[in-house]
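File shown here: protein-v5.tsv, holding TSV, C-alpha atoms and all ligand atoms.
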chain	number	residue	atom	x	y	z
F	531	MET	CA	0.00	0.00	0.00
F	532	THR	CA	1.32	3.46	-0.90
F	533	VAL	CA	1.11	6.00	1.90
F	534	ALA	CA	0.23	9.47	0.66
F	535	PRO	CA	2.80	12.03	1.78
F	536	GLU	CA	1.70	14.54	4.37
F	537	ILE	CA	0.99	18.05	3.01
F	538	LYS	CA	1.65	20.60	5.75
F	539	GLY	CA	0.54	23.78	3.92
F	540	TRP	CA	2.84	26.06	5.90
F	541	CYS	CA	6.48	26.94	5.94
F	542	PRO	CA	8.69	26.78	9.01
F	543	GLY	CA	10.09	29.95	10.49
F	544	ALA	CA	12.58	30.67	13.22
F	545	LEU	CA	9.96	31.34	15.89
F	546	ARG	CA	7.77	28.51	14.58
F	547	PRO	CA	10.19	25.73	13.59
F	548	MET	CA	9.08	22.50	11.93
F	549	ALA	CA	9.93	19.04	13.29
F	550	SER	CA	11.86	16.82	10.90
F	551	GLY	CA	13.63	13.47	11.01
F	552	ASP	CA	16.87	15.05	12.23
F	553	GLY	CA	15.43	17.55	14.71
F	554	LEU	CA	13.84	20.96	14.31
F	555	ILE	CA	14.17	22.94	11.07
F	556	VAL	CA	14.67	26.62	11.90
F	557	ARG	CA	14.16	28.86	8.88
F	558	ILE	CA	15.79	32.29	8.84
F	559	ARG	CA	14.30	34.87	6.47
F	560	PRO	CA	17.20	37.27	5.75
F	561	PRO	CA	15.85	40.81	6.30
F	562	GLY	CA	15.58	42.59	2.95
F	563	GLY	CA	16.99	39.49	1.24
F	564	ARG	CA	20.61	40.00	2.34
F	565	LEU	CA	23.06	39.23	5.12
F	566	THR	CA	25.95	41.29	6.37
F	567	PRO	CA	29.18	39.35	6.95
F	568	ALA	CA	28.52	39.65	10.70
F	569	GLN	CA	25.02	38.18	10.33
F	570	ALA	CA	26.31	35.33	8.16
F	571	THR	CA	29.04	34.60	10.73
F	572	GLY	CA	26.42	34.60	13.49
F	573	ILE	CA	24.23	32.14	11.55
F	574	ALA	CA	27.16	29.82	10.83
F	575	LYS	CA	28.24	29.77	14.47
F	576	ALA	CA	24.67	29.26	15.68
F	577	ALA	CA	24.17	26.37	13.23
F	578	ALA	CA	27.29	24.64	14.50
F	579	ARG	CA	26.52	25.27	18.16
F	580	HIS	CA	22.75	24.70	18.32
F	581	GLY	CA	22.08	22.53	15.26
F	582	ASN	CA	23.87	19.76	13.38
F	583	GLY	CA	25.90	22.27	11.33
F	584	ILE	CA	23.91	21.72	8.12
F	585	ILE	CA	22.38	24.80	6.48
F	586	ASP	CA	19.87	24.57	3.63
F	587	LEU	CA	19.23	27.33	1.12
F	588	SER	CA	15.52	27.12	0.39
F	589	ALA	CA	13.71	27.68	-2.91
F	590	ARG	CA	12.50	30.95	-1.38
F	591	ALA	CA	16.00	32.24	-0.69
F	592	ASN	CA	15.85	31.54	3.04
F	593	LEU	CA	18.42	29.74	5.18
F	594	GLN	CA	17.37	26.69	7.18
F	595	LEU	CA	19.29	25.39	10.14
F	596	ARG	CA	18.80	21.65	10.61
F	597	GLY	CA	19.15	19.25	13.53
F	598	VAL	CA	18.13	21.68	16.28
F	599	ALA	CA	17.08	19.95	19.51
F	600	ASP	CA	14.01	21.27	21.36
F	601	ALA	CA	16.19	22.44	24.24
F	602	SER	CA	18.50	24.33	21.88
F	603	HIS	CA	15.74	26.34	20.21
F	604	ALA	CA	15.52	29.16	22.78
F	605	PRO	CA	19.29	29.81	22.97
F	606	LEU	CA	19.44	29.64	19.17
F	607	ILE	CA	16.75	32.32	18.86
F	608	ASP	CA	18.64	34.50	21.37
F	609	ALA	CA	21.81	34.13	19.30
F	610	LEU	CA	20.00	35.04	16.06
F	611	ARG	CA	18.14	37.93	17.69
F	612	ALA	CA	21.48	39.46	18.65
F	613	HIS	CA	22.12	39.77	14.89
F	614	ASP	CA	18.69	41.32	14.09
F	615	LEU	CA	17.53	38.14	12.36
F	616	ILE	CA	14.37	37.50	14.39
F	617	ASP	CA	10.93	39.08	13.91
F	618	PRO	CA	9.00	40.46	16.88
F	619	ASP	CA	6.34	37.73	16.70
F	620	ILE	CA	5.20	34.67	14.70
F	621	ARG	CA	2.57	36.59	12.69
F	622	THR	CA	5.11	39.13	11.43
F	623	GLU	CA	7.54	36.34	10.65
F	624	SER	CA	5.03	34.25	8.71
F	625	LEU	CA	3.88	37.25	6.61
F	626	ARG	CA	7.46	38.27	5.72
F	627	ASN	CA	7.63	35.95	2.72
F	628	LEU	CA	9.68	38.09	0.37
F	629	ILE	CA	12.27	37.20	-2.26
F	630	VAL	CA	14.42	40.10	-3.44
F	631	THR	CA	16.44	39.98	-6.66
F	632	PRO	CA	20.16	39.65	-5.94
F	633	PHE	CA	20.82	42.07	-8.85
F	634	ARG	CA	19.90	45.16	-6.91
F	635	ASP	CA	20.52	48.89	-6.63
F	636	ALA	CA	19.54	51.74	-4.31
F	637	THR	CA	15.93	51.68	-5.60
F	638	THR	CA	15.72	47.99	-4.71
F	639	GLU	CA	16.83	48.75	-1.15
F	640	THR	CA	14.20	51.47	-0.73
F	641	LEU	CA	11.40	49.34	-2.17
F	642	ALA	CA	12.48	46.28	-0.16
F	643	ALA	CA	12.09	48.35	3.01
F	644	ASP	CA	8.69	49.69	1.85
F	645	LEU	CA	7.41	46.23	0.96
F	646	THR	CA	8.70	44.69	4.19
F	647	ALA	CA	6.82	47.34	6.16
F	648	ALA	CA	3.67	46.65	4.11
F	649	LEU	CA	3.93	42.91	4.74
F	650	ALA	CA	3.43	43.53	8.46
F	651	ARG	CA	0.12	45.26	7.58
F	652	MET	CA	-1.16	42.44	5.37
F	653	PRO	CA	-4.39	40.63	6.13
F	654	GLN	CA	-4.01	37.04	7.33
F	655	LEU	CA	-2.65	35.18	4.29
F	656	PRO	CA	-1.99	31.47	3.71
F	657	GLY	CA	1.35	30.27	5.05
F	658	LYS	CA	2.88	29.77	1.61
F	659	PHE	CA	1.70	33.10	0.15
F	660	GLY	CA	4.77	35.04	-0.93
F	661	PHE	CA	6.06	38.13	-2.75
F	662	ALA	CA	8.95	38.79	-5.14
F	663	LEU	CA	10.69	42.12	-5.60
F	664	ASP	CA	12.17	41.62	-9.06
F	665	ILE	CA	12.79	45.10	-10.43
F	666	GLY	CA	15.83	44.79	-12.65
F	667	PRO	CA	15.31	45.84	-16.30
F	668	ARG	CA	14.02	42.29	-16.95
F	669	PRO	CA	12.60	39.83	-14.38
F	670	VAL	CA	14.90	37.03	-13.13
F	671	LEU	CA	12.67	35.51	-10.45
F	672	SER	CA	9.92	34.24	-12.77
F	673	GLY	CA	10.62	30.63	-11.75
F	674	ALA	CA	10.32	31.33	-8.02
F	675	SER	CA	7.14	30.25	-6.28
F	676	VAL	CA	5.44	33.45	-5.14
F	677	ASP	CA	1.98	34.99	-5.41
F	678	ILE	CA	2.52	38.70	-6.02
F	679	ARG	CA	5.39	39.98	-8.16
F	680	VAL	CA	6.83	43.48	-8.38
F	681	GLU	CA	8.42	43.79	-11.83
F	682	ARG	CA	9.21	46.31	-14.51
F	683	ALA	CA	7.26	46.82	-17.70
F	684	ALA	CA	9.20	47.08	-20.94
F	685	ASP	CA	9.06	50.90	-20.64
F	686	GLY	CA	10.63	50.78	-17.16
F	687	ARG	CA	7.48	51.42	-15.11
F	688	LEU	CA	7.00	49.37	-11.96
F	689	ILE	CA	4.07	46.98	-12.03
F	690	LEU	CA	2.43	44.66	-9.53
F	691	ARG	CA	1.57	41.35	-11.16
F	692	PRO	CA	-0.53	38.56	-9.62
F	693	ASP	CA	1.25	35.24	-10.21
F	694	GLY	CA	-0.42	33.31	-13.01
F	695	TYR	CA	-1.73	36.46	-14.74
F	696	PRO	CA	0.22	37.73	-17.76
F	697	LEU	CA	-0.31	41.45	-17.03
F	698	GLY	CA	0.34	43.71	-14.09
F	699	GLN	CA	-1.05	46.96	-12.69
F	700	PRO	CA	1.16	50.08	-12.71
F	701	ILE	CA	2.19	50.96	-9.15
F	702	THR	CA	1.37	54.27	-7.53
F	703	ASP	CA	2.19	53.35	-3.91
F	704	LEU	CA	3.91	49.97	-3.56
F	705	GLY	CA	2.86	49.21	0.02
F	706	ARG	CA	-0.74	50.31	-0.40
F	707	ASP	CA	-1.16	48.60	-3.78
F	708	ALA	CA	0.36	45.33	-2.51
F	709	VAL	CA	-1.97	45.22	0.49
F	710	ALA	CA	-4.94	45.98	-1.81
F	711	LEU	CA	-4.03	43.10	-4.15
F	712	ALA	CA	-3.71	40.70	-1.19
F	713	GLU	CA	-7.13	41.85	0.05
F	714	TRP	CA	-8.56	41.25	-3.45
F	715	PHE	CA	-7.13	37.70	-3.33
F	716	ILE	CA	-8.96	37.02	-0.07
F	717	ALA	CA	-12.19	38.73	-1.18
F	718	LYS	CA	-12.30	36.61	-4.36
F	719	GLY	CA	-12.16	33.40	-2.34
F	720	GLY	CA	-8.46	32.65	-2.74
F	721	VAL	CA	-8.25	31.08	0.72
F	722	THR	CA	-9.81	27.75	1.65
F	723	ASP	CA	-9.13	26.15	5.04
F	724	GLY	CA	-6.26	28.59	5.52
F	725	ARG	CA	-4.60	27.58	2.23
F	726	GLY	CA	-4.52	28.98	-1.27
F	727	ARG	CA	-2.26	30.41	-3.96
F	728	MET	CA	-2.75	33.30	-6.35
F	729	ALA	CA	-2.08	31.25	-9.50
F	730	ALA	CA	-4.79	28.76	-8.50
F	731	LEU	CA	-7.29	31.60	-8.04
F	732	ILE	CA	-6.39	33.04	-11.46
F	733	THR	CA	-6.78	29.59	-13.02
F	734	ARG	CA	-10.30	29.43	-11.56
F	735	GLY	CA	-11.14	32.53	-13.60
F	736	ALA	CA	-10.64	35.48	-11.23
F	737	VAL	CA	-9.59	38.60	-13.14
F	738	PRO	CA	-7.65	41.26	-11.21
F	739	GLY	CA	-8.65	44.86	-11.90
F	740	GLY	CA	-6.27	47.39	-13.44
F	741	CYS	CA	-3.87	44.75	-14.76
F	742	ASP	CA	-3.20	45.90	-18.33
F	743	THR	CA	0.58	46.12	-18.57
F	744	PRO	CA	2.87	43.27	-19.63
F	745	PRO	CA	6.17	42.78	-17.79
F	746	ALA	CA	9.48	43.02	-19.63
F	747	GLU	CA	10.66	39.77	-21.21
F	748	PRO	CA	12.02	37.58	-18.38
F	749	LEU	CA	15.62	36.41	-18.27
F	750	THR	CA	16.62	32.78	-17.81
F	751	GLN	CA	18.12	31.71	-14.50
F	752	PRO	CA	21.69	33.03	-14.24
F	753	ALA	CA	24.63	30.63	-14.05
F	754	PRO	CA	27.28	30.46	-11.35
F	755	GLY	CA	30.25	32.70	-12.04
F	756	LEU	CA	31.20	36.36	-12.07
F	757	HIS	CA	28.51	38.94	-12.79
F	758	PRO	CA	28.72	42.74	-12.76
F	759	GLU	CA	27.09	42.76	-9.30
F	760	GLY	CA	29.38	40.10	-7.79
F	761	ALA	CA	30.06	36.35	-7.71
F	762	LEU	CA	27.26	33.79	-7.88
F	763	VAL	CA	28.27	30.52	-6.20
F	764	ALA	CA	26.10	27.40	-6.15
F	765	LEU	CA	25.56	24.82	-3.41
F	766	GLY	CA	24.98	21.16	-4.25
F	767	PHE	CA	21.29	20.48	-3.49
F	768	GLY	CA	21.17	23.93	-1.90
F	769	GLN	CA	22.97	22.68	1.19
F	770	MET	CA	26.20	23.69	2.91
F	771	GLN	CA	28.08	23.09	6.11
F	772	ALA	CA	28.40	25.85	8.69
F	773	GLU	CA	32.13	26.08	7.89
F	774	THR	CA	31.33	26.97	4.28
F	775	LEU	CA	29.15	29.90	5.33
F	776	LEU	CA	31.77	30.95	7.88
F	777	ALA	CA	34.45	30.97	5.17
F	778	LEU	CA	32.22	32.97	2.81
F	779	ALA	CA	31.41	35.52	5.52
F	780	ALA	CA	35.15	35.95	6.20
F	781	LEU	CA	35.54	37.27	2.64
F	782	GLY	CA	33.72	40.40	3.80
F	783	HIS	CA	31.01	40.66	1.13
F	784	GLU	CA	27.29	41.14	1.64
F	785	ILE	CA	25.69	37.73	1.00
F	786	ARG	CA	22.43	37.64	-0.97
F	787	PRO	CA	20.61	34.30	-0.90
F	788	THR	CA	18.77	33.43	-4.11
F	789	PRO	CA	16.00	30.91	-4.96
F	790	TRP	CA	18.39	29.12	-7.35
F	791	ARG	CA	20.51	27.21	-4.80
F	792	MET	CA	23.07	30.00	-5.22
F	793	LEU	CA	24.47	32.79	-3.09
F	794	MET	CA	25.51	36.15	-4.49
F	795	LEU	CA	28.66	37.63	-2.95
F	796	ALA	CA	27.96	41.28	-3.66
F	797	GLY	CA	30.88	43.20	-5.11
F	798	ALA	CA	33.19	40.16	-5.39
F	799	THR	CA	35.41	40.32	-8.47
F	800	VAL	CA	37.00	36.88	-8.15
F	801	LEU	CA	35.37	33.52	-7.53
F	802	PRO	CA	35.98	32.35	-3.96
F	803	ASP	CA	38.18	29.32	-3.34
F	804	VAL	CA	36.01	27.77	-0.63
F	805	ALA	CA	35.30	24.05	-0.22
F	806	GLY	CA	31.70	22.98	-0.84
F	807	LEU	CA	30.90	25.48	-3.61
F	808	ILE	CA	30.07	24.92	-7.28
F	809	THR	CA	31.49	27.66	-9.48
F	810	ASP	CA	31.67	25.81	-12.82
F	811	PRO	CA	28.41	26.25	-14.79
F	812	ALA	CA	29.09	22.87	-16.47
F	813	ASP	CA	29.13	20.90	-13.19
F	814	PRO	CA	26.56	18.08	-13.67
F	815	LEU	CA	25.45	18.43	-10.05
F	816	LEU	CA	23.72	21.65	-11.11
F	817	ARG	CA	21.34	19.55	-13.22
F	818	VAL	CA	20.39	17.28	-10.31
F	819	THR	CA	17.72	18.11	-7.75
F	820	ALA	CA	17.23	16.01	-4.63
F	821	CYS	CA	15.10	16.57	-1.57
F	822	THR	CA	16.33	15.96	1.96
F	823	GLY	CA	15.35	12.28	1.81
F	824	ALA	CA	16.27	9.77	4.52
F	825	PRO	CA	17.09	10.16	7.33
F	826	GLY	CA	16.40	13.92	7.48
F	827	CYS	CA	12.76	13.66	6.35
F	828	PRO	CA	10.45	11.32	8.25
F	829	GLN	CA	8.39	10.68	5.10
F	830	ALA	CA	11.33	9.58	2.99
F	831	LEU	CA	11.38	6.03	1.70
F	832	GLY	CA	15.01	6.09	0.62
F	833	ASP	CA	18.26	7.95	0.30
F	834	THR	CA	18.32	10.85	-2.14
F	835	ARG	CA	21.38	13.09	-1.91
F	836	ALA	CA	24.21	10.58	-1.59
F	837	LEU	CA	22.66	8.62	-4.44
F	838	ALA	CA	22.15	11.78	-6.50
F	839	ARG	CA	25.84	12.69	-6.12
F	840	ASN	CA	26.78	9.25	-7.44
F	841	LEU	CA	24.34	9.47	-10.33
F	842	ALA	CA	25.27	13.00	-11.47
F	843	ALA	CA	28.30	11.80	-13.43
F	844	HIS	CA	26.11	9.34	-15.39
F	845	LEU	CA	23.47	11.88	-16.38
F	846	PRO	CA	23.33	12.50	-20.16
F	847	LYS	CA	24.54	16.01	-21.07
F	848	GLY	CA	21.88	18.68	-21.17
F	849	HIS	CA	19.32	16.68	-19.18
F	850	ALA	CA	18.03	17.07	-15.64
F	851	LEU	CA	17.38	14.53	-12.91
F	852	HIS	CA	15.13	14.85	-9.87
F	853	LEU	CA	15.57	12.37	-7.03
F	854	SER	CA	12.66	12.41	-4.60
F	855	GLY	CA	12.32	10.60	-1.28
F	856	CYS	CA	8.57	10.15	-1.86
F	857	THR	CA	5.83	11.14	-4.29
F	858	LYS	CA	5.44	14.59	-2.73
F	859	GLY	CA	8.35	15.89	-4.80
F	860	CYS	CA	9.19	18.84	-2.51
F	861	ALA	CA	12.48	19.68	-4.22
F	862	HIS	CA	11.01	19.95	-7.73
F	863	PRO	CA	7.21	20.15	-7.95
F	864	ALA	CA	7.34	20.79	-11.71
F	865	PRO	CA	7.94	18.06	-14.33
F	866	CYS	CA	11.54	17.00	-14.95
F	867	TYR	CA	13.19	15.02	-17.77
F	868	LEU	CA	13.91	12.16	-15.35
F	869	THR	CA	12.46	11.70	-11.89
F	870	LEU	CA	13.43	8.87	-9.57
F	871	VAL	CA	11.09	8.35	-6.64
F	872	ALA	CA	12.10	6.27	-3.62
F	873	THR	CA	9.56	3.61	-2.66
F	874	ALA	CA	9.54	0.73	-0.19
F	875	LYS	CA	10.53	-1.54	-3.11
F	876	GLY	CA	13.28	0.48	-4.79
F	877	TYR	CA	13.13	3.52	-7.09
F	878	ASP	CA	10.36	4.31	-9.57
F	879	LEU	CA	11.25	6.12	-12.81
F	880	VAL	CA	9.02	8.90	-14.19
F	881	ARG	CA	9.79	10.36	-17.64
F	882	ASP	CA	8.98	14.04	-18.33
F	883	GLY	CA	6.79	14.26	-15.27
F	884	ALA	CA	6.63	15.05	-11.58
F	885	ALA	CA	7.22	12.74	-8.62
F	886	SER	CA	3.49	12.07	-8.26
F	887	ASP	CA	3.04	11.07	-11.91
F	888	THR	CA	2.75	7.48	-13.17
F	889	PRO	CA	6.16	5.80	-13.47
F	890	VAL	CA	7.32	4.07	-16.63
F	891	ARG	CA	9.32	1.60	-14.49
F	892	ARG	CA	8.96	0.56	-10.88
F	893	GLY	CA	11.11	-0.92	-8.12
F	894	ILE	CA	14.58	-0.33	-9.60
F	895	ALA	CA	17.46	-1.21	-7.27
F	896	ALA	CA	19.79	1.69	-6.42
F	897	SER	CA	22.76	-0.33	-7.72
F	898	ASP	CA	21.10	-0.57	-11.17
F	899	LEU	CA	20.51	3.17	-11.54
F	900	PRO	CA	23.93	4.18	-13.03
F	901	GLU	CA	23.49	1.67	-15.88
F	902	LEU	CA	19.90	2.78	-16.39
F	903	LEU	CA	20.99	6.42	-16.76
F	904	LYS	CA	23.64	5.49	-19.30
F	905	ALA	CA	20.98	3.71	-21.39
F	906	ILE	CA	18.26	6.27	-20.80
F	907	HIS	CA	17.84	7.14	-24.47
F	908	ALA	CA	16.83	3.57	-25.26
F	909	PRO	CA	13.25	3.61	-26.62
F	910	HIS	CA	11.85	1.16	-24.01
F	911	LEU	CA	12.84	3.53	-21.16
L	1001	LIG	S1	9.68	14.77	-1.20
L	1001	LIG	FE1	11.45	14.40	0.09
L	1001	LIG	S2	11.52	16.07	1.57
L	1001	LIG	FE2	9.47	16.05	0.63
L	1001	LIG	S3	8.22	14.83	2.04
L	1001	LIG	FE3	8.99	13.43	0.46
L	1001	LIG	S4	10.90	12.61	1.27
L	1001	LIG	FE4	10.38	14.40	2.51

Whole structure given in structure tokens:
Amino acid sequence: MTVAPEIKGWCPGALRPMASGDGLIVRIRPPGGRLTPAQATGIAKAAARHGNGIIDLSARANLQLRGVADASHAPLIDALRAHDLIDPDIRTESLRNLIVTPFRDATTETLAADLTAALARMPQLPGKFGFALDIGPRPVLSGASVDIRVERAADGRLILRPDGYPLGQPITDLGRDAVALAEWFIAKGGVTDGRGRMAALITRGAVPGGCDTPPAEPLTQPAPGLHPEGALVALGFGQMQAETLLALAALGHEIRPTPWRMLMLAGATVLPDVAGLITDPADPLLRVTACTGAPGCPQALGDTRALARNLAAHLPKGHALHLSGCTKGCAHPAPCYLTLVATAKGYDLVRDGAASDTPVRRGIAASDLPELLKAIHAPHL
């Protein structure tokens, strides 16, 4: 019998951590989407002292400390609060779901502060409801899972665009307009049993008023390497050890987490020589996604990351692999060229689908997977 994975419908925070297979997950939402070197050092030291030293970079550009014992939670929060990383209360924390583009300027800083202040005034929104401040000349956060996007139109005007709708409304007052759009989402029935997403509401036919302006053509996800704004460095599976963050902080750059399993070192003009980073855009590990898996996730039916590291070298060039510990597919909800799903009887293979889709092969032994990947273009697979 297949056990359906548990859908929690909310995201952990620092004040409201989530229990996992390896202890509490404590999620830190970097204020304004950036960390000073001192804040990053404080997080790294806190992760090593109060957790198991593993830090995840989430798909919403947040940092998650893993392996925190119940008794360590309070001293951990005290340590993070000393670095201005803790909200005044759980409500403020849960509403501060904001991703800020790492390619930013002074206008971005001003608007990030305005939007952060507005988030505290939002009506009660579902736990996963989020915002993106993506105001470079062309959007770069289009692939990030959020509900309300601040972008630029082709003529440079700022627009507010509900996720799932192709057009946005020109902004007159960012904070006021964002709160009004969130209120419209609630008024139109976007929330059911405390859950709901903007794109789902739009799919059901809701039409937001005043949205008549298309955003500028979006950019594809940037690659690791040097950019005019600094160095983008990637983390395998979006995970690093506390020592890696400590070493990055010691370089003295502002650190901007991104939703792409990458960190931007603002102003860096050389790639850092720090263990645990991916700086080569051709590294096959960049094409592999794997969730926490066993033993970190209690729902996992098998190993994911160690296996994914072994399989990366066998992945055909130009193709992507998603390894999921169960059919929930947390790490990659969208379809992928190849998806391997752990089950009680081995790994199921899904082609061009998501972890919950029907497999083309079932119950493959882990030891057979490298050969299977090498032969993946065979017609019967
Ligand atoms: S997909 Fe992975 S992380 Fe998500 S519930 Fe399943 S095993 Fe856990």

Given all atoms listed in the file, how would the per-residue table for chain F near ligand LIG 1001 (chain L) read, listing every residue at most 7 Å away with its closest atom pair and distance in Å to one decimal, sorted by chain and number, as a Markdown table?
| residue | atom | partner | partner_atom | distance |
| --- | --- | --- | --- | --- |
| F:Pro535 | CA | L:LIG1001 | S3 | 6.1 |
| F:Glu536 | CA | L:LIG1001 | S3 | 6.9 |
| F:Cys821 | CA | L:LIG1001 | FE1 | 4.6 |
| F:Thr822 | CA | L:LIG1001 | S2 | 4.8 |
| F:Gly823 | CA | L:LIG1001 | S4 | 4.5 |
| F:Ala824 | CA | L:LIG1001 | S4 | 6.9 |
| F:Cys827 | CA | L:LIG1001 | FE4 | 4.6 |
| F:Pro828 | CA | L:LIG1001 | FE4 | 6.5 |
| F:Gln829 | CA | L:LIG1001 | FE4 | 5.0 |
| F:Ala830 | CA | L:LIG1001 | S4 | 3.5 |
| F:Leu831 | CA | L:LIG1001 | S4 | 6.6 |
| F:Ser854 | CA | L:LIG1001 | S1 | 5.1 |
| F:Gly855 | CA | L:LIG1001 | S4 | 3.5 |
| F:Cys856 | CA | L:LIG1001 | FE3 | 4.0 |
| F:Thr857 | CA | L:LIG1001 | S1 | 6.1 |
| F:Lys858 | CA | L:LIG1001 | S1 | 4.5 |
| F:Gly859 | CA | L:LIG1001 | S1 | 4.0 |
| F:Cys860 | CA | L:LIG1001 | FE2 | 4.2 |
| F:Ala861 | CA | L:LIG1001 | S1 | 6.4 |

Given all atoms listed in the file as the counted atoms, nearest of F:Met652, F:Ala604, F:Gly694, F:Arg734 to F:Glu713 | F:Met652

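Coordinates place atom CA of F:Asp586 at a distance of 26.2 Å from atom CA of F:Leu879.
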
Point-to-point distance in Å for atom CA of F:Arg611 and atom CA of F:Ile629 |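 So the two atoms, atom CA of F:Ile629 and atom CA of F:Arg611, lie 20.8 Å apart.
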
Could you build a table of the residues in stretch 717-823 of chain F lying no more than 10 Å from stretch 559-581 of chain F, giving for each the nearest pair of atoms and their separation in Å rounded to one decimal place, using only C-alpha atoms, ordered by chain and ascending residue number, as CSV?
residue,atom,partner,partner_atom,distance
F:Gln771,CA,F:Ala574,CA,8.3
F:Ala772,CA,F:Ala574,CA,4.7
F:Glu773,CA,F:Ala574,CA,6.9
F:Thr774,CA,F:Ala574,CA,8.3
F:Leu775,CA,F:Ala574,CA,5.8
F:Leu776,CA,F:Thr571,CA,5.4
F:Ala777,CA,F:Thr571,CA,8.6
F:Leu778,CA,F:Pro567,CA,8.2
F:Ala779,CA,F:Pro567,CA,4.7
F:Ala780,CA,F:Pro567,CA,6.9
F:Leu781,CA,F:Pro567,CA,8.0
F:Gly782,CA,F:Pro567,CA,5.6
F:His783,CA,F:Pro567,CA,6.2
F:Glu784,CA,F:Thr566,CA,4.9
F:Ile785,CA,F:Leu565,CA,5.1
F:Arg786,CA,F:Arg564,CA,4.5
F:Pro787,CA,F:Arg564,CA,6.6
F:Thr788,CA,F:Gly563,CA,8.3
F:Leu793,CA,F:Arg564,CA,9.8
F:Met794,CA,F:Arg564,CA,9.2
F:Leu795,CA,F:Arg564,CA,9.9
F:Ala796,CA,F:Arg564,CA,9.6

F:Asp693, F:Pro758, F:Ile620, F:Ala591: which is nearest F:Asp635, counting all atoms listed in the file?
-> F:Pro758

Close residues, F:Ala812 itself excluded, 12 Å, only C-alpha atoms, min 4 positions apart in chain, as an NGL selection string = :F and (753-755 or 764 or 808 or 816-817 or 842-843 or 847-849)

What residues have an atom no more than 8 Å from (-3.8, 44.9, -12.6) in the file's own frame, counting all atoms listed in the file, and can you write them as a PDB file with C-alpha atoms, in the coordinates of the input?
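In the end it all went to point_23.pdb:
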ATOM      1  CA  LEU F 690       2.430  44.660  -9.530  1.00  0.00           C
ATOM      2  CA  ARG F 691       1.570  41.350 -11.160  1.00  0.00           C
ATOM      3  CA  PRO F 692      -0.530  38.560  -9.620  1.00  0.00           C
ATOM      4  CA  LEU F 697      -0.310  41.450 -17.030  1.00  0.00           C
ATOM      5  CA  GLY F 698       0.340  43.710 -14.090  1.00  0.00           C
ATOM      6  CA  GLN F 699      -1.050  46.960 -12.690  1.00  0.00           C
ATOM      7  CA  PRO F 700       1.160  50.080 -12.710  1.00  0.00           C
ATOM      8  CA  PRO F 738      -7.650  41.260 -11.210  1.00  0.00           C
ATOM      9  CA  GLY F 739      -8.650  44.860 -11.900  1.00  0.00           C
ATOM     10  CA  GLY F 740      -6.270  47.390 -13.440  1.00  0.00           C
ATOM     11  CA  CYS F 741      -3.870  44.750 -14.760  1.00  0.00           C
ATOM     12  CA  ASP F 742      -3.200  45.900 -18.330  1.00  0.00           C
ATOM     13  CA  THR F 743       0.580  46.120 -18.570  1.00  0.00           C
TER      14      THR F 743
END

From the list F:Val871, F:Leu606, F:Ala798, F:Val818, which residue is nearest F:Asp833 when using only C-alpha atoms?
->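 Counting only C-alpha atoms, the residue closest to F:Asp833 is F:Val871.
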
Go through F:Ala864, F:Cys541, F:Ile558, F:Val680 one by one, measure the shortest atom-to-atom distance of each to F:Ile665 using all atoms listed in the file, and give the residue with the smallest value.
->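 Of F:Ala864, F:Cys541, F:Ile558, F:Val680, the one nearest F:Ile665 is F:Val680, counting all atoms listed in the file.
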
Counting all atoms listed in the file, which of F:Arg634, F:Arg668, F:Arg687, F:Lys904 gets nearest to F:Ile701?
-> F:Arg687

Give me the residues near F:Asp617 as a PDB file with C-alpha atoms, in the frame of the given file, where near means some atom within 12 Å (using only C-alpha atoms) and where sequence neighbours in that chain fewer than 5 positions away do not count.
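Output (result22.pdb):
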ATOM      1  CA  GLY F 543      10.090  29.950  10.490  1.00  0.00           C
ATOM      2  CA  ALA F 544      12.580  30.670  13.220  1.00  0.00           C
ATOM      3  CA  LEU F 545       9.960  31.340  15.890  1.00  0.00           C
ATOM      4  CA  ARG F 546       7.770  28.510  14.580  1.00  0.00           C
ATOM      5  CA  ARG F 557      14.160  28.860   8.880  1.00  0.00           C
ATOM      6  CA  ILE F 558      15.790  32.290   8.840  1.00  0.00           C
ATOM      7  CA  ARG F 559      14.300  34.870   6.470  1.00  0.00           C
ATOM      8  CA  PRO F 560      17.200  37.270   5.750  1.00  0.00           C
ATOM      9  CA  PRO F 561      15.850  40.810   6.300  1.00  0.00           C
ATOM     10  CA  ILE F 607      16.750  32.320  18.860  1.00  0.00           C
ATOM     11  CA  ASP F 608      18.640  34.500  21.370  1.00  0.00           C
ATOM     12  CA  LEU F 610      20.000  35.040  16.060  1.00  0.00           C
ATOM     13  CA  ARG F 611      18.140  37.930  17.690  1.00  0.00           C
ATOM     14  CA  ALA F 612      21.480  39.460  18.650  1.00  0.00           C
ATOM     15  CA  THR F 622       5.110  39.130  11.430  1.00  0.00           C
ATOM     16  CA  GLU F 623       7.540  36.340  10.650  1.00  0.00           C
ATOM     17  CA  SER F 624       5.030  34.250   8.710  1.00  0.00           C
ATOM     18  CA  LEU F 625       3.880  37.250   6.610  1.00  0.00           C
ATOM     19  CA  ARG F 626       7.460  38.270   5.720  1.00  0.00           C
ATOM     20  CA  THR F 646       8.700  44.690   4.190  1.00  0.00           C
ATOM     21  CA  ALA F 650       3.430  43.530   8.460  1.00  0.00           C
TER      22      ALA F 650
END

Using only C-alpha atoms, which of the listed residues (F:Arg651, F:Arg590, F:Arg881, F:Arg706) sits closest to F:Gly768?
->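 Residue with the minimum atom-to-atom distance to F:Gly768: F:Arg590.
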